[in-house]
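In what follows, a single structure is set out as structure tokens and then discussed.
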Amino acid sequence: MDLILLISFVSLILIGFLFIKFHRFEKSIHKEEDRIFSKTKKQTELVTDAEGRDLHILEQSLQESRKRMLHLYESQMEKEAKRIEKELDARLSEFADTVFSRIDAHVSESLSRMNNDLALYKKQQIEELDEKIEREIKKAAKASIARGLSLTIHEEMVARALKEAIDEINIK
């Protein structure tokens with residue numbers, strides 16, 4: 001959960017950084033656009049002040065220049081947006097790879113620890129079972145020796161003692 005929050009936080013920071021960078025670029029483009037428009041306006045004023053020229057032709061020329069400049073501006077904005085998108089994708093991908101490799105290492109370590117703990121627990125339970133079985137066999141052997149029982153009765157007592165020990169362990 002903490003890793004997801006960390007990834008989200010870092011992603012937001014990267015997006016914020018790229019938004020600020022894009023916003024600054026957009027401001028500079030707007031300044032350039034304003035400069036071009038003011039220059040165009042000055043040129044238009046010069047043309048209107050000029051003697052005997054055909055204003056209609058000059059206005060068309062200026063409009064065409066303006067269209068070309070707007071087209072260039074739009075293409076530059078598109079290129080910059082694509083570049084920023086690629087940069088963001090690369091950074092996020094790199095960050096995600098780093099985070100996922102850390103997660104994989106953590107999961108592997110946890111599984112290894114868990115397997116070791118399970119093996120130790122299993123070993124302890126088997127040793128405990130062996131001790132209980134040994135006690136029950138000794139108890140059955142003492143009873144059979146003390147009574148002077150036959151071999152079949154002795155085998156039955158040992159089998160019953162083993163069954164009781166196994167049932168006792170299964171209850172836990």
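Chain lettering (A, B, ...) mirrors the order of the structure tokens, residue numbering begins at 1 for each chain separately, and ligand numbering begins at 1 in order of display.
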
Identify, on the basis of only C-alpha atoms, every residue whose closest approach to range 9-21 of chain A does not exceed 7 Å; exclude the query and any residue fewer than 3 positions from it along the same chain; express the result as a list in words.
-> Leu5, Leu6, Arg24, Phe25, Ile84 and Leu92 of chain A

Please produce an output containing N, CA and C atoms for each residue in the selection, written as an mmCIF file, in the first residue's frame.
```
data_model
loop_
_atom_site.group_PDB
_atom_site.id
_atom_site.type_symbol
_atom_site.label_atom_id
_atom_site.label_comp_id
_atom_site.auth_asym_id
_atom_site.auth_seq_id
_atom_site.Cartn_x
_atom_site.Cartn_y
_atom_site.Cartn_z
ATOM 1 N N LEU A 5 1.176 4.351 -2.804
ATOM 2 C CA LEU A 5 1.107 5.776 -2.472
ATOM 3 C C LEU A 5 2.370 6.494 -2.934
ATOM 4 N N LEU A 6 3.529 5.855 -2.749
ATOM 5 C CA LEU A 6 4.792 6.454 -3.176
ATOM 6 C C LEU A 6 4.802 6.639 -4.696
ATOM 7 N N ARG A 24 5.330 26.964 -19.069
ATOM 8 C CA ARG A 24 6.353 27.972 -19.401
ATOM 9 C C ARG A 24 6.589 28.041 -20.904
ATOM 10 N N PHE A 25 6.636 26.878 -21.536
ATOM 11 C CA PHE A 25 6.830 26.842 -22.982
ATOM 12 C C PHE A 25 5.666 27.540 -23.678
ATOM 13 N N ILE A 84 7.328 16.036 -24.532
ATOM 14 C CA ILE A 84 7.051 15.992 -23.094
ATOM 15 C C ILE A 84 6.360 14.679 -22.733
ATOM 16 N N LEU A 92 8.265 7.611 -16.040
ATOM 17 C CA LEU A 92 7.331 6.771 -15.296
ATOM 18 C C LEU A 92 7.657 5.294 -15.463
#
```

Between CA of Lys132 in chain A and CA of Asn116 in chain A, distance in Å (one decimal) |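 Atom-to-atom, CA of Lys132 in chain A and CA of Asn116 in chain A are spaced 24.4 Å apart.
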
Coordinates-based distance that separates CA of Phe37 in chain A from CA of Gln76 in chain A (Å, one decimal) =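 These atoms are spaced 17.3 Å apart.
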
Do you know which residues are at most 9 Å from range 93-103 of chain A counting only C-alpha atoms, after dropping those on the same chain fewer than 3 positions away, and could you put them as a PDB file with C-alpha atoms, in the first residue's frame?
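Output below, filename selection-v4.pdb:
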```pdb
ATOM      1  CA  LEU A   3       4.535   1.628  -2.451  1.00  0.00           C
ATOM      2  CA  ILE A   7       4.300   5.691  -6.875  1.00  0.00           C
ATOM      3  CA  VAL A  10       6.120  10.600  -7.431  1.00  0.00           C
ATOM      4  CA  SER A  11       3.884  10.390 -10.508  1.00  0.00           C
ATOM      5  CA  LEU A  88       7.035  11.483 -18.998  1.00  0.00           C
ATOM      6  CA  ASP A  89       6.463   7.946 -20.302  1.00  0.00           C
ATOM      7  CA  ALA A  90      10.165   7.152 -20.053  1.00  0.00           C
ATOM      8  CA  HIS A 106      10.850  -7.918  -1.023  1.00  0.00           C
ATOM      9  CA  VAL A 107       8.386 -10.675  -1.982  1.00  0.00           C
ATOM     10  CA  SER A 108      11.224 -13.116  -2.679  1.00  0.00           C
TER      11      SER A 108
END
```

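Shortest separation to Ala81 in chain A among A:His23, A:Lys139, A:Arg160, A:Arg35 occurs at residue A:His23, atoms counted being only C-alpha atoms.
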
Quick one: of A:Ala161, A:Leu129, A:Gln124, A:Ile166, who's nearest to Ala141 in chain A, counting only C-alpha atoms?
->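 Comparing A:Ala161, A:Leu129, A:Gln124, A:Ile166 against Ala141 in chain A, the winner is A:Ala161.
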